[in-house]
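K.L.:
Handing you this structure, nothing more for now.
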Amino acid sequence: MLIRMAGILRQSTTTDSTVVRLTRSQMSDVQIVQGLVEKEPRAAAALYDRYGNKVNRLVWRLLGADPEHDDVVHGIFVNILTSIEKLKKPESLSDWITGITINSVRREIRNRKYRRILHLVPEYPEGSGESLSGENQILTGRVFSILNKMNTDDHMIFVLRFIERYTLGEIASSCGYSLATAKRRALKSKSEFMKKAQRDPVLSSLIEGKYNVP
Amino acid sequence: MSRDIEILERLGEDVAIALGSGPSEEQRILQRRDFLASVTEKRPSRVGWYVAAAGIAAAVVVSLFFYESQPEASQLPFYVGDAHVAGAEGQWIRTKQSGLPIRFEDGSRFSLSANASARMVRADKKIVRLDLASGKVECRVNRKTGATWQVAAGPYTITVTGTVFDAIWNASDAILNVAVTRGSVLVTGADLSEHGVRLAVGDRLHVDGERAVISQNTDEDDVSEDDESTSDNPPPTMYELEPDNVESPTAIQPRPVRAKAGLEMKTMGLRDLWKAANKARYSRDASTAESMLASLRKRFPKSREADASVFLMGRIRLELQGDPLGAVNWFKQYLKDTPNGPLAEEALGRIVDAYKRAGKPAQAKRYAEKYLARYSDGLFADLAESVVSK
């Protein structure tokens, strides 16, 4: 509950310092969902404040510090608002948002592949991740240039498993797979990536020189 | 664990650190603002979110068309600099060694100081809104216009109705300072009260995300970022924001090391320092790596690299210095600071490994059980199972 600072200030007559604890707005997930269904703006603010970092991190990592990051995130939040009435269990809001984020990014990656096939957009540029510094940009650029040549699901699973460090169980529940399917796909994405990375001059030398050190 | 998986885990760790956890704080603030702006526009209650979202896109196109094709009668013209160059909404204004005035025809003025960056987001007869990205601005507002004048600084908005005040926004540390010379302002946003903080003549506000300090400004100096009234003035009123995690971190005393090129570390930027620390680590120069990471944590405590540094300190202790118990402290600190961070699973798994290497089977087993409860299919699951079964 927030304290009215202006009121407290004017009432303060002591000469001692007054320390007042302000608590951040604490709506529960159930209250957020209810507020969103009722179109309350403060529910939308609470939604962003609670899940903004999570959504941003997932999209940032799945797309690799993409120039269109903000548009993708905005689209996800709008998607959440428009689909909120479909959420049957408000207490599962967090997992549901993860699912929406992953599905949205999956769609985005697929759409980009189709656009590339139709020559509507250029190949994923070298050294992407414009906001990163030199070496970081090179590393992420090489990794994502390989990921973008992989099957969409393999791309997603690779990022979730090896960059986001999701467990197989978490991959399964976030992507809507069975555990056996998640294991199988994780192995496939690993093999695919290694095969392509060995053919990449930058990554293959990093793998031999740095990451293959016992 | 297969060799390929180990290699990809290491690569993935570096990519995670290189990427960080997302865009900059400034970018997120703008994201939040844009998102909330798109959902708080007034519309008939029957209109669903979906239609509203589609409508917003159409409205942007329509409003741009009208903006381009017709002179906007309600706009307030403004002029930048001493040369009186006509300003445009949305255009960035950046100062270097000297400041720059932004003047309005009614005599109102924003004066950007040197090394400041701002843009006029909106300037019409209803609202004039300056977005202060960084630095200091002095504001003199003529109350006769009837418009609402606002200065946005990070997550805060300063609303004025006819006043003279200074605002300084330190974007990298997210610190706001406001001092009112005439009239009054209302500061809202972030974790301030939902009703905002009203400042009157002589009031100064300092907000740093954890505390809001309101004091009386008794001298005529410009407000400074380090301002804290202490002497004859009444003690400031301080408001602390309750942190999400009320536990205070246990102080960790790193082993004292001689800092190499100490002066260089104090002057390096974040990225250079991070790069140098990792280079030292890869070269197995543990003492240099440790001192550089310690310097990074001290100088850039809110950076994502600072979080990762805690984890890397643990790895240095474990793998380069043969100090598993020292490593445990660092991994535990990482879990306390960022319990859901990208390296949380690995930190917990390495605690198991470190306790095992230190010959502490009971502690290893306790953490192995915690690990398996959370990451039954994780990277360290085999190790944890072997520890638990002993």
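Simple scheme: letters A, B, ... for chains in structure tokens order, numbers from 1 for residues in each chain, numbers from 1 for ligands in the order shown.
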Using only C-alpha atoms, which protein or nucleic acid residues come within 10 Å of range 194-198 of chain A? Drop anything in the same chain fewer than 5 positions from it, and give the result as a ChimeraX atom specification.
P.N.:
/A:142-143,145-147,149-150,188-189,203-208 /B:4-5,7-8
K.L.:
Go ahead and dump the residues you just picked, C-alpha atoms, as a PDB file, in the first residue's frame.
P.N.:
```
ATOM      1  CA  ARG A 142      28.038 -15.584 -35.118  1.00  0.00           C
ATOM      2  CA  VAL A 143      25.849 -17.636 -32.811  1.00  0.00           C
ATOM      3  CA  SER A 145      23.657 -16.297 -37.706  1.00  0.00           C
ATOM      4  CA  ILE A 146      23.767 -20.062 -37.166  1.00  0.00           C
ATOM      5  CA  LEU A 147      20.574 -20.168 -35.140  1.00  0.00           C
ATOM      6  CA  LYS A 149      19.673 -20.927 -40.368  1.00  0.00           C
ATOM      7  CA  MET A 150      18.276 -23.679 -38.165  1.00  0.00           C
ATOM      8  CA  LYS A 188      18.666 -32.506 -32.160  1.00  0.00           C
ATOM      9  CA  SER A 189      19.230 -28.768 -31.670  1.00  0.00           C
ATOM     10  CA  LEU A 203      32.976 -20.278 -33.719  1.00  0.00           C
ATOM     11  CA  SER A 204      35.027 -23.348 -34.568  1.00  0.00           C
ATOM     12  CA  SER A 205      38.220 -21.668 -33.378  1.00  0.00           C
ATOM     13  CA  LEU A 206      36.475 -20.454 -30.202  1.00  0.00           C
ATOM     14  CA  ILE A 207      35.188 -23.942 -29.541  1.00  0.00           C
ATOM     15  CA  GLU A 208      38.628 -25.477 -29.989  1.00  0.00           C
TER      16      GLU A 208
ATOM     17  CA  ASP B   4      29.496 -31.281 -26.536  1.00  0.00           C
ATOM     18  CA  ILE B   5      27.035 -30.270 -23.858  1.00  0.00           C
ATOM     19  CA  ILE B   7      31.196 -26.923 -24.599  1.00  0.00           C
ATOM     20  CA  LEU B   8      27.788 -25.509 -25.448  1.00  0.00           C
TER      21      LEU B   8
END
```
K.L.:
Smallest atom-to-atom distance to chain B: which of A:Leu160, A:Val33, A:Ile102, A:Met27, using only C-alpha atoms?
P.N.:
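For chain B, the nearest of the given residues is A:Leu160.
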K.L.:
Using only C-alpha atoms, which protein or nucleic acid residues come within 10 Å of His155 in chain A? Drop anything in the same chain fewer than 2 positions from it, and give the result as a short mmCIF file (atom, residue, chain, number, x, y, z; two decimals) with all heavy atoms, in the first residue's frame.
P.N.:
```cif
data_model
loop_
_atom_site.label_atom_id
_atom_site.label_comp_id
_atom_site.auth_asym_id
_atom_site.auth_seq_id
_atom_site.Cartn_x
_atom_site.Cartn_y
_atom_site.Cartn_z
N LEU A 62 16.08 -14.75 -27.07
CA LEU A 62 15.62 -15.59 -28.18
C LEU A 62 15.95 -14.96 -29.54
O LEU A 62 16.25 -15.67 -30.49
CB LEU A 62 14.12 -15.84 -28.07
CG LEU A 62 13.70 -16.85 -26.99
CD1 LEU A 62 12.20 -16.78 -26.74
CD2 LEU A 62 14.09 -18.27 -27.37
N LEU A 63 15.87 -13.63 -29.62
CA LEU A 63 16.14 -12.97 -30.90
C LEU A 63 17.56 -12.39 -30.98
O LEU A 63 17.97 -11.94 -32.04
CB LEU A 63 15.12 -11.85 -31.15
CG LEU A 63 13.69 -12.29 -31.39
CD1 LEU A 63 12.78 -11.08 -31.63
CD2 LEU A 63 13.61 -13.23 -32.60
N ARG A 106 8.36 -17.36 -31.62
CA ARG A 106 8.42 -18.44 -32.62
C ARG A 106 7.76 -17.98 -33.91
O ARG A 106 8.28 -18.16 -35.01
CB ARG A 106 7.71 -19.68 -32.09
CG ARG A 106 7.78 -20.88 -33.03
CD ARG A 106 6.86 -21.99 -32.59
NE ARG A 106 7.45 -22.81 -31.55
CZ ARG A 106 6.81 -23.17 -30.43
NH1 ARG A 106 5.59 -22.79 -30.20
NH2 ARG A 106 7.41 -23.94 -29.54
N ILE A 109 9.97 -15.44 -35.69
CA ILE A 109 11.11 -16.05 -36.38
C ILE A 109 10.64 -16.70 -37.67
O ILE A 109 11.27 -16.58 -38.73
CB ILE A 109 11.82 -17.07 -35.47
CG1 ILE A 109 12.46 -16.36 -34.28
CG2 ILE A 109 12.86 -17.87 -36.23
CD1 ILE A 109 13.01 -17.30 -33.22
N PHE A 144 24.00 -16.26 -33.54
CA PHE A 144 22.64 -16.08 -34.07
C PHE A 144 22.58 -16.24 -35.59
O PHE A 144 21.52 -16.57 -36.13
CB PHE A 144 22.04 -14.75 -33.60
CG PHE A 144 21.45 -14.87 -32.23
CD1 PHE A 144 22.24 -14.68 -31.11
CD2 PHE A 144 20.13 -15.22 -32.05
CE1 PHE A 144 21.72 -14.84 -29.83
CE2 PHE A 144 19.59 -15.37 -30.78
CZ PHE A 144 20.39 -15.19 -29.67
N ILE A 146 23.98 -18.62 -37.05
CA ILE A 146 23.77 -20.06 -37.17
C ILE A 146 22.35 -20.41 -36.75
O ILE A 146 21.63 -21.14 -37.43
CB ILE A 146 24.80 -20.82 -36.30
CG1 ILE A 146 26.16 -20.73 -36.97
CG2 ILE A 146 24.37 -22.27 -36.10
CD1 ILE A 146 27.26 -21.38 -36.19
N LEU A 147 21.91 -19.85 -35.64
CA LEU A 147 20.57 -20.17 -35.14
C LEU A 147 19.51 -19.82 -36.18
O LEU A 147 18.53 -20.54 -36.34
CB LEU A 147 20.29 -19.41 -33.84
CG LEU A 147 21.09 -19.88 -32.62
CD1 LEU A 147 20.79 -18.99 -31.42
CD2 LEU A 147 20.76 -21.32 -32.27
N ASN A 148 19.73 -18.71 -36.88
CA ASN A 148 18.72 -18.28 -37.84
C ASN A 148 18.69 -19.14 -39.10
O ASN A 148 17.77 -19.04 -39.91
CB ASN A 148 18.93 -16.81 -38.20
CG ASN A 148 18.39 -15.91 -37.11
OD1 ASN A 148 17.21 -15.87 -36.84
ND2 ASN A 148 19.29 -15.22 -36.44
N LYS A 149 19.70 -19.99 -39.24
CA LYS A 149 19.67 -20.93 -40.37
C LYS A 149 19.07 -22.27 -39.95
O LYS A 149 18.85 -23.14 -40.77
CB LYS A 149 21.09 -21.19 -40.89
CG LYS A 149 21.72 -19.97 -41.56
CD LYS A 149 23.09 -20.31 -42.16
CE LYS A 149 23.64 -19.09 -42.90
NZ LYS A 149 24.73 -18.43 -42.18
N MET A 150 18.83 -22.42 -38.67
CA MET A 150 18.28 -23.68 -38.17
C MET A 150 16.76 -23.63 -38.22
O MET A 150 16.14 -22.57 -38.34
CB MET A 150 18.75 -23.91 -36.72
CG MET A 150 20.21 -24.32 -36.64
SD MET A 150 20.97 -24.22 -34.99
CE MET A 150 19.89 -25.17 -33.97
N ASN A 151 16.19 -24.79 -38.10
CA ASN A 151 14.75 -24.90 -37.95
C ASN A 151 14.30 -24.04 -36.75
O ASN A 151 15.01 -23.93 -35.77
CB ASN A 151 14.48 -26.40 -37.69
CG ASN A 151 13.07 -26.65 -37.26
OD1 ASN A 151 12.73 -26.49 -36.08
ND2 ASN A 151 12.26 -27.07 -38.18
N THR A 152 13.13 -23.42 -36.88
CA THR A 152 12.67 -22.48 -35.84
C THR A 152 12.64 -23.12 -34.46
O THR A 152 13.11 -22.55 -33.47
CB THR A 152 11.26 -21.96 -36.17
OG1 THR A 152 11.29 -21.33 -37.44
CG2 THR A 152 10.78 -20.97 -35.13
N ASP A 153 12.10 -24.31 -34.37
CA ASP A 153 12.00 -24.96 -33.06
C ASP A 153 13.39 -25.29 -32.52
O ASP A 153 13.66 -25.15 -31.32
CB ASP A 153 11.16 -26.24 -33.15
CG ASP A 153 9.68 -25.92 -33.31
OD1 ASP A 153 9.25 -24.91 -32.71
OD2 ASP A 153 8.97 -26.64 -34.01
N ILE A 157 14.78 -23.90 -28.97
CA ILE A 157 15.18 -24.83 -27.91
C ILE A 157 16.64 -24.65 -27.56
O ILE A 157 17.03 -24.74 -26.39
CB ILE A 157 14.87 -26.28 -28.34
CG1 ILE A 157 13.36 -26.47 -28.29
CG2 ILE A 157 15.57 -27.29 -27.45
CD1 ILE A 157 12.89 -27.77 -28.84
N PHE A 158 17.47 -24.36 -28.56
CA PHE A 158 18.88 -24.13 -28.27
C PHE A 158 19.03 -22.96 -27.30
O PHE A 158 19.78 -23.03 -26.31
CB PHE A 158 19.66 -23.87 -29.56
CG PHE A 158 21.13 -23.72 -29.31
CD1 PHE A 158 21.98 -24.82 -29.37
CD2 PHE A 158 21.69 -22.49 -28.97
CE1 PHE A 158 23.33 -24.71 -29.13
CE2 PHE A 158 23.05 -22.36 -28.71
CZ PHE A 158 23.87 -23.47 -28.79
N VAL A 159 18.35 -21.87 -27.60
CA VAL A 159 18.46 -20.69 -26.73
C VAL A 159 17.94 -21.00 -25.33
O VAL A 159 18.57 -20.66 -24.33
CB VAL A 159 17.70 -19.49 -27.33
CG1 VAL A 159 17.67 -18.32 -26.35
CG2 VAL A 159 18.34 -19.05 -28.64
N LEU A 160 16.79 -21.67 -25.28
CA LEU A 160 16.21 -21.94 -23.96
C LEU A 160 17.12 -22.87 -23.16
O LEU A 160 17.29 -22.70 -21.95
CB LEU A 160 14.82 -22.57 -24.12
CG LEU A 160 13.73 -21.65 -24.70
CD1 LEU A 160 12.44 -22.42 -24.93
CD2 LEU A 160 13.48 -20.47 -23.76
N ALA A 186 15.96 -31.27 -27.86
CA ALA A 186 17.16 -30.63 -27.31
C ALA A 186 18.41 -31.29 -27.88
O ALA A 186 19.37 -30.61 -28.25
CB ALA A 186 17.15 -30.72 -25.78
N SER A 189 18.76 -30.16 -31.52
CA SER A 189 19.23 -28.77 -31.67
C SER A 189 20.71 -28.69 -31.34
O SER A 189 21.47 -27.96 -31.97
CB SER A 189 18.41 -27.81 -30.80
OG SER A 189 18.80 -27.87 -29.46
N LYS A 190 21.13 -29.46 -30.34
CA LYS A 190 22.55 -29.48 -29.97
C LYS A 190 23.39 -29.97 -31.15
O LYS A 190 24.39 -29.36 -31.53
CB LYS A 190 22.75 -30.38 -28.75
CG LYS A 190 24.20 -30.63 -28.40
CD LYS A 190 24.35 -31.75 -27.40
CE LYS A 190 24.12 -33.09 -27.99
NZ LYS A 190 25.29 -33.80 -28.45
N GLU A 192 22.59 -30.15 -34.37
CA GLU A 192 22.51 -29.22 -35.49
C GLU A 192 23.45 -28.05 -35.31
O GLU A 192 24.17 -27.65 -36.23
CB GLU A 192 21.07 -28.66 -35.59
CG GLU A 192 20.12 -29.45 -36.46
CD GLU A 192 20.61 -29.58 -37.88
OE1 GLU A 192 20.78 -28.55 -38.55
OE2 GLU A 192 20.87 -30.72 -38.31
N PHE A 193 23.42 -27.50 -34.13
CA PHE A 193 24.25 -26.32 -33.87
C PHE A 193 25.72 -26.67 -33.98
O PHE A 193 26.51 -25.95 -34.61
CB PHE A 193 23.94 -25.72 -32.49
CG PHE A 193 24.68 -24.43 -32.24
CD1 PHE A 193 24.12 -23.21 -32.58
CD2 PHE A 193 25.96 -24.44 -31.69
CE1 PHE A 193 24.81 -22.03 -32.37
CE2 PHE A 193 26.66 -23.26 -31.50
CZ PHE A 193 26.08 -22.06 -31.83
#
```
K.L.:
Please report the interatomic distance between CA of Trp96 in chain A and CA of Ile84 in chain A in Å with one decimal.
P.N.:
9.7 Å
K.L.:
Excluding range 178-183 of chain B and residues on its chain fewer than 3 positions from it, collect all residues at most 7 Å away from it, counting only C-alpha atoms, and give them as number ranges by chain.
P.N.:
B: 162-168, 199-206, 223
